[in-house]
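I have placed the structure first, in the form of structure tokens, so that the comments after it can refer back to it.
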Amino acid sequence: MKITFPHMGSLAVPLKTIFEELGQEVVVPPSITKKTVTLGVRHSPEFACFPLKVNIGNFIEALENGADTIIMAGGVGPCRFGYYAEVQREILTDLGYNFELIVLEPPQGSLWGLLANIKRLGNHRSWSEIWEVINIAWKQVLALDVLHEMSLKIRPYEKKKGATTVLYERAQKLIVKARTHEDITWSLDKGKELLNSVDKKTLDRPPLKIGIVGEIYMVLEPYANLDIEKTLGEMGVEVDRSIYLGHWIKEHLFPKAFRSREGEEIKKVAQGYLNHFVGGHGLESVGRTILYSRDNFDGVVHILPFTCTPEIVAQSILPEVSKDYKIPLISFSLDEHSGKAGFVTRLEAFLDLLSQKKYNQELKGAV
Ligand code: SF4
């Protein structure tokens, strides 16, 4: 078996660890580039979700590099994600690739099917061995999330543009190499040290605080979201990401008792605007925007793939939420046609509006 999987933020790190530690060969797809997107777009239906197209590009590049087994997550929700794997299987088969596609359905779909697939992918190792490897990968996920969150808080203060990114990438590499509990703990401490060593400037006023909500792939994958976090951070904004990989795993794969209370809180505050699950993170986009307003954030950026149904539902509700909770909001519907220049111009205009609003509030407070 030569296993591959799609990219989505730092997802490749824990997956590579799991499969390699279980004795499988892994072919990580090359990092997403224009070529990846072009390949995906060329071979996918025009109105398919943008993440599906990028996944196809990842798979083609990995299959060309020798992969023969694709791991893909399944889904049971009302949006199109449940069909993804089957559509991808058909596209790649029609292109003439010889491969096996293993779909890991979520536990609420088929627990036994999921366990059987895990056992098989685990080279039929004992459950305790598989569990230990999953634990190591989980620790990597949490460490990467901590470092990412730190980088978002530090970036607006950096004296030299790009300094945080350089040290954050070095910190990430330490976690990637760490494959024991002790090594991950050491690497996390070292990574924090690296990030804390960024040369910082003193600001006259606290930076603007912006929350990012939206569809998980777009929030997690910097290539797809046009590097929004780095762009905003380098414009002097403190960014808060509403979804992390660790958070998603907890909410979807852990038993209810181990989930955070935040998930329930999000649903509660969204009541009245959106009362039920609409697939993807549509409900979370609404609830999280309300929570960002309560936490005194200056604004919210909503990112969605063009044609994403759950986020289109959220997008139609968010203007009312923004008005009721007095939190400025901007939506970006992105796909293969989105260009960075126009995106940055709209972000700059949004930041001008937020700065002016904050300045006016400070003036009122001073009177
Ligand atoms: S959440 Fe949106 S982008 Fe993701 S599969 Fe569903 S419809 Fe497509």
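Residues are referred to by chain and number: the chain letter is A, B, ... according to the order shown in the structure tokens, the number counts from 1 in that chain, and ligands are numbered separately from 1 in the order shown.
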Could I get the residue neighbourhood of ligand 1 at 10 Å, counting only C-alpha atoms and all ligand atoms, as a PyMOL selection string? chain A and resi 47-52+75+77-84+214-218+278-282+304-312
Could you give me, as number ranges by chain, each residue of range 147-197 of chain A that DSSP assigns to alpha helix (DSSP H) when run on this structure's backbone? A: 147-154, 163-177, 181-196
Write the residues you've just listed into a file as a short mmCIF file (atom, residue, chain, number, x, y, z; two decimals), in the first residue's frame, and include C-alpha atoms for each of them.
```cif
data_model
loop_
_atom_site.label_atom_id
_atom_site.label_comp_id
_atom_site.auth_asym_id
_atom_site.auth_seq_id
_atom_site.Cartn_x
_atom_site.Cartn_y
_atom_site.Cartn_z
CA LEU A 147 1.62 27.21 17.85
CA HIS A 148 -0.75 28.45 15.17
CA GLU A 149 -2.87 30.36 17.67
CA MET A 150 0.28 31.93 19.15
CA SER A 151 1.50 33.01 15.71
CA LEU A 152 -1.81 34.82 15.08
CA LYS A 153 -1.49 36.77 18.32
CA ILE A 154 2.18 37.68 17.79
CA ALA A 163 9.49 37.33 11.01
CA THR A 164 6.64 35.48 12.75
CA THR A 165 6.02 33.29 9.71
CA VAL A 166 9.69 32.28 9.48
CA LEU A 167 9.82 31.23 13.14
CA TYR A 168 6.38 29.63 13.03
CA GLU A 169 7.46 27.45 10.10
CA ARG A 170 10.58 26.40 12.05
CA ALA A 171 8.41 25.56 15.05
CA GLN A 172 6.07 23.50 12.85
CA LYS A 173 9.01 21.49 11.48
CA LEU A 174 9.99 20.51 15.03
CA ILE A 175 6.52 19.05 15.64
CA VAL A 176 6.55 17.27 12.27
CA LYS A 177 9.74 15.43 13.25
CA HIS A 181 5.21 12.08 23.64
CA GLU A 182 8.45 13.44 25.13
CA ASP A 183 9.70 14.79 21.80
CA ILE A 184 6.39 16.51 21.07
CA THR A 185 6.36 18.15 24.52
CA TRP A 186 9.97 19.31 24.01
CA SER A 187 9.24 20.54 20.46
CA LEU A 188 6.18 22.46 21.60
CA ASP A 189 8.19 24.23 24.32
CA LYS A 190 10.94 24.99 21.82
CA GLY A 191 8.37 26.22 19.27
CA LYS A 192 6.82 28.56 21.85
CA GLU A 193 10.29 29.88 22.67
CA LEU A 194 10.95 30.53 19.00
CA LEU A 195 7.68 32.43 18.57
CA ASN A 196 8.24 34.43 21.74
#
```
Just the residues within 6 Å of range 20-28 of chain A, please, counting only C-alpha atoms, with nothing from its chain fewer than 5 positions along; format it as number ranges by chain. A: 2-4, 67, 122
Which residues of range 221-272 of chain A come within 9 Å of range 341-358 of chain A, and what is each one's closest atom pair and distance in Å (one decimal), counting only C-alpha atoms, sorted by chain and residue number, as a Markdown table?
```
| residue | atom | partner | partner_atom | distance |
| --- | --- | --- | --- | --- |
| A:Leu226 | CA | A:Phe343 | CA | 8.2 |
| A:Ile228 | CA | A:Val344 | CA | 8.8 |
| A:Thr231 | CA | A:Val344 | CA | 7.9 |
| A:Leu232 | CA | A:Leu347 | CA | 8.0 |
| A:Met235 | CA | A:Glu348 | CA | 8.5 |
| A:Val237 | CA | A:Leu351 | CA | 8.7 |
```
Print the selection's residues with N, CA and C atoms to a file, as a PDB file, in the first residue's frame.
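The resulting file, out.pdb, is shown below:
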```
ATOM      1  N   LEU A 226      -6.347  32.247   0.282  1.00  0.00           N
ATOM      2  CA  LEU A 226      -5.440  33.316  -0.167  1.00  0.00           C
ATOM      3  C   LEU A 226      -4.606  33.859   1.003  1.00  0.00           C
ATOM      4  N   ILE A 228      -5.214  34.368   4.135  1.00  0.00           N
ATOM      5  CA  ILE A 228      -5.885  35.499   4.798  1.00  0.00           C
ATOM      6  C   ILE A 228      -5.311  35.818   6.178  1.00  0.00           C
ATOM      7  N   THR A 231      -2.003  37.577   5.750  1.00  0.00           N
ATOM      8  CA  THR A 231      -2.238  38.893   5.150  1.00  0.00           C
ATOM      9  C   THR A 231      -2.770  39.878   6.195  1.00  0.00           C
ATOM     10  N   LEU A 232      -3.777  39.453   6.944  1.00  0.00           N
ATOM     11  CA  LEU A 232      -4.352  40.344   7.962  1.00  0.00           C
ATOM     12  C   LEU A 232      -3.339  40.635   9.067  1.00  0.00           C
ATOM     13  N   MET A 235      -0.980  43.132   8.182  1.00  0.00           N
ATOM     14  CA  MET A 235      -1.603  44.467   8.112  1.00  0.00           C
ATOM     15  C   MET A 235      -1.821  44.993   9.539  1.00  0.00           C
ATOM     16  N   VAL A 237      -3.349  43.189  12.150  1.00  0.00           N
ATOM     17  CA  VAL A 237      -4.602  42.731  12.764  1.00  0.00           C
ATOM     18  C   VAL A 237      -4.371  41.453  13.575  1.00  0.00           C
TER      19      VAL A 237
END
```
Could you name the residues that touch Lys119 in chain A at 12 Å or less, counting only C-alpha atoms, but leaving out those on the same chain fewer than 6 positions away, as a PyMOL selection string? chain A and resi 19+22+104+112-113+125-131
Could you write out that same residue set with C-alpha atoms as a PDB file, in the first residue's frame?
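See out.pdb below for the written result:
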```
ATOM      1  CA  PHE A  19       0.370   5.588   8.634  1.00  0.00           C
ATOM      2  CA  LEU A  22       1.873   1.674  11.486  1.00  0.00           C
ATOM      3  CA  LEU A 104     -13.406   6.600   6.463  1.00  0.00           C
ATOM      4  CA  TRP A 112     -17.992  -1.036  12.439  1.00  0.00           C
ATOM      5  CA  GLY A 113     -17.041  -0.041   8.925  1.00  0.00           C
ATOM      6  CA  ARG A 125      -1.502  -4.297  14.468  1.00  0.00           C
ATOM      7  CA  SER A 126      -3.092  -4.694  17.894  1.00  0.00           C
ATOM      8  CA  TRP A 127      -5.662  -2.100  18.941  1.00  0.00           C
ATOM      9  CA  SER A 128      -3.338  -0.911  21.728  1.00  0.00           C
ATOM     10  CA  GLU A 129      -0.549  -0.256  19.190  1.00  0.00           C
ATOM     11  CA  ILE A 130      -2.975   1.555  16.881  1.00  0.00           C
ATOM     12  CA  TRP A 131      -4.323   3.570  19.809  1.00  0.00           C
TER      13      TRP A 131
END
```
Name the residues in contact with Ile56 in chain A at a cut-off of 9 Å, using only C-alpha atoms, excluding same-chain residues fewer than 5 positions from it; report them as a list in words.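 Listed by chain and then number, they are Pro6, Thr36, Val37, Leu39, Gly40, Val41, His43, Ser44, Pro51, Glu61, Gln88, Ile91 and Leu92 of chain A.
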Take the residues that were just selected and, keeping N, CA and C atoms, output them as a PDB file, in the first residue's frame.
```pdb
ATOM      1  N   PRO A   6      -5.805  13.944   0.962  1.00  0.00           N
ATOM      2  CA  PRO A   6      -5.787  15.343   0.508  1.00  0.00           C
ATOM      3  C   PRO A   6      -5.139  16.264   1.542  1.00  0.00           C
ATOM      4  N   THR A  36      -1.750  22.311  -9.117  1.00  0.00           N
ATOM      5  CA  THR A  36      -2.704  21.416  -8.428  1.00  0.00           C
ATOM      6  C   THR A  36      -4.136  21.858  -8.744  1.00  0.00           C
ATOM      7  N   VAL A  37      -4.370  23.168  -8.587  1.00  0.00           N
ATOM      8  CA  VAL A  37      -5.727  23.692  -8.794  1.00  0.00           C
ATOM      9  C   VAL A  37      -6.135  23.524 -10.256  1.00  0.00           C
ATOM     10  N   LEU A  39      -5.146  21.272 -12.390  1.00  0.00           N
ATOM     11  CA  LEU A  39      -5.465  19.856 -12.644  1.00  0.00           C
ATOM     12  C   LEU A  39      -6.850  19.506 -12.106  1.00  0.00           C
ATOM     13  N   GLY A  40      -7.112  19.961 -10.866  1.00  0.00           N
ATOM     14  CA  GLY A  40      -8.393  19.662 -10.228  1.00  0.00           C
ATOM     15  C   GLY A  40      -9.559  20.267 -10.985  1.00  0.00           C
ATOM     16  N   VAL A  41      -9.389  21.521 -11.382  1.00  0.00           N
ATOM     17  CA  VAL A  41     -10.473  22.226 -12.082  1.00  0.00           C
ATOM     18  C   VAL A  41     -10.735  21.574 -13.442  1.00  0.00           C
ATOM     19  N   HIS A  43     -10.485  18.545 -14.351  1.00  0.00           N
ATOM     20  CA  HIS A  43     -11.119  17.224 -14.344  1.00  0.00           C
ATOM     21  C   HIS A  43     -12.360  17.117 -13.456  1.00  0.00           C
ATOM     22  N   SER A  44     -12.784  18.223 -12.840  1.00  0.00           N
ATOM     23  CA  SER A  44     -13.960  18.158 -11.943  1.00  0.00           C
ATOM     24  C   SER A  44     -15.152  18.846 -12.600  1.00  0.00           C
ATOM     25  N   PRO A  51     -13.225  22.862  -2.722  1.00  0.00           N
ATOM     26  CA  PRO A  51     -12.331  21.898  -2.059  1.00  0.00           C
ATOM     27  C   PRO A  51     -12.249  20.560  -2.798  1.00  0.00           C
ATOM     28  N   GLU A  61      -1.693  14.418  -8.436  1.00  0.00           N
ATOM     29  CA  GLU A  61      -0.243  14.605  -8.221  1.00  0.00           C
ATOM     30  C   GLU A  61       0.341  13.463  -7.389  1.00  0.00           C
ATOM     31  N   GLN A  88     -15.078  11.546  -6.596  1.00  0.00           N
ATOM     32  CA  GLN A  88     -13.634  11.528  -6.836  1.00  0.00           C
ATOM     33  C   GLN A  88     -13.185  10.182  -7.401  1.00  0.00           C
ATOM     34  N   ILE A  91     -14.098  10.126 -11.106  1.00  0.00           N
ATOM     35  CA  ILE A  91     -13.252  11.011 -11.924  1.00  0.00           C
ATOM     36  C   ILE A  91     -11.887  10.360 -12.157  1.00  0.00           C
ATOM     37  N   LEU A  92     -11.293   9.870 -11.074  1.00  0.00           N
ATOM     38  CA  LEU A  92      -9.933   9.317 -11.191  1.00  0.00           C
ATOM     39  C   LEU A  92      -9.928   8.010 -11.974  1.00  0.00           C
TER      40      LEU A  92
END
```
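You will find CA of Phe59 in chain A at 15.2 Å from CA of Lys16 in chain A.
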Check the DSSP output for the backbone and give back, as an MDAnalysis selection string, the residues of range 87-319 of chain A in strand (DSSP E). chainID A and resid 100:104 208:214 237:241 299:305
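Here CA of Asp324 in chain A and CA of Asp298 in chain A stand 14.5 Å from one another.
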Considering only C-alpha atoms, state which residue in the set A:Thr180, A:Leu220, A:Arg155, A:Leu101 is at the smallest distance from His7 in chain A. A:Leu220
Tell me which protein, DNA and RNA residues are within 9 Å of Phe5 in chain A, counting only C-alpha atoms, leaving out same-chain ones fewer than 4 positions away, and put them as an mmCIF file with C-alpha atoms, in the first residue's frame.
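As a result, selection_29.cif now contains:
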```
data_model
loop_
_atom_site.group_PDB
_atom_site.id
_atom_site.type_symbol
_atom_site.label_atom_id
_atom_site.label_comp_id
_atom_site.auth_asym_id
_atom_site.auth_seq_id
_atom_site.Cartn_x
_atom_site.Cartn_y
_atom_site.Cartn_z
ATOM 1 C CA ALA A 12 -0.931 15.808 6.435
ATOM 2 C CA LEU A 15 -1.921 11.396 8.926
ATOM 3 C CA VAL A 27 3.047 9.529 -0.502
ATOM 4 C CA VAL A 28 2.175 13.027 0.700
ATOM 5 C CA PRO A 29 0.817 15.075 -2.247
ATOM 6 C CA ASN A 55 -8.555 17.401 -3.627
ATOM 7 C CA ASN A 58 -3.835 16.555 -4.839
ATOM 8 C CA PHE A 59 -4.805 12.999 -5.766
ATOM 9 C CA ALA A 62 0.093 11.902 -5.556
ATOM 10 C CA THR A 69 -4.325 3.980 -2.062
ATOM 11 C CA ILE A 70 -6.345 7.123 -1.333
ATOM 12 C CA ILE A 71 -7.776 7.820 2.100
ATOM 13 C CA MET A 72 -10.793 10.087 2.104
#
```
Interatomic distance, CA of Tyr97 in chain A to CA of Leu114 in chain A (Å, one decimal):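 Calculated distance between CA of Tyr97 in chain A and CA of Leu114 in chain A is 24.9 Å.
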Nearest residue to Val321 in chain A out of A:Ile134, A:Ala143, A:Val269, A:Ala366, using only C-alpha atoms?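 Answer, going by the shortest atom-to-atom distance: A:Val269.
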What's the 12 Å shell around Thr289 in chain A, counting only C-alpha atoms, without same-chain residues fewer than 5 positions away, as a PyMOL selection string? chain A and resi 210-214+240-242+266-267+269-270+273+282-284+294-302+314-315+317-331
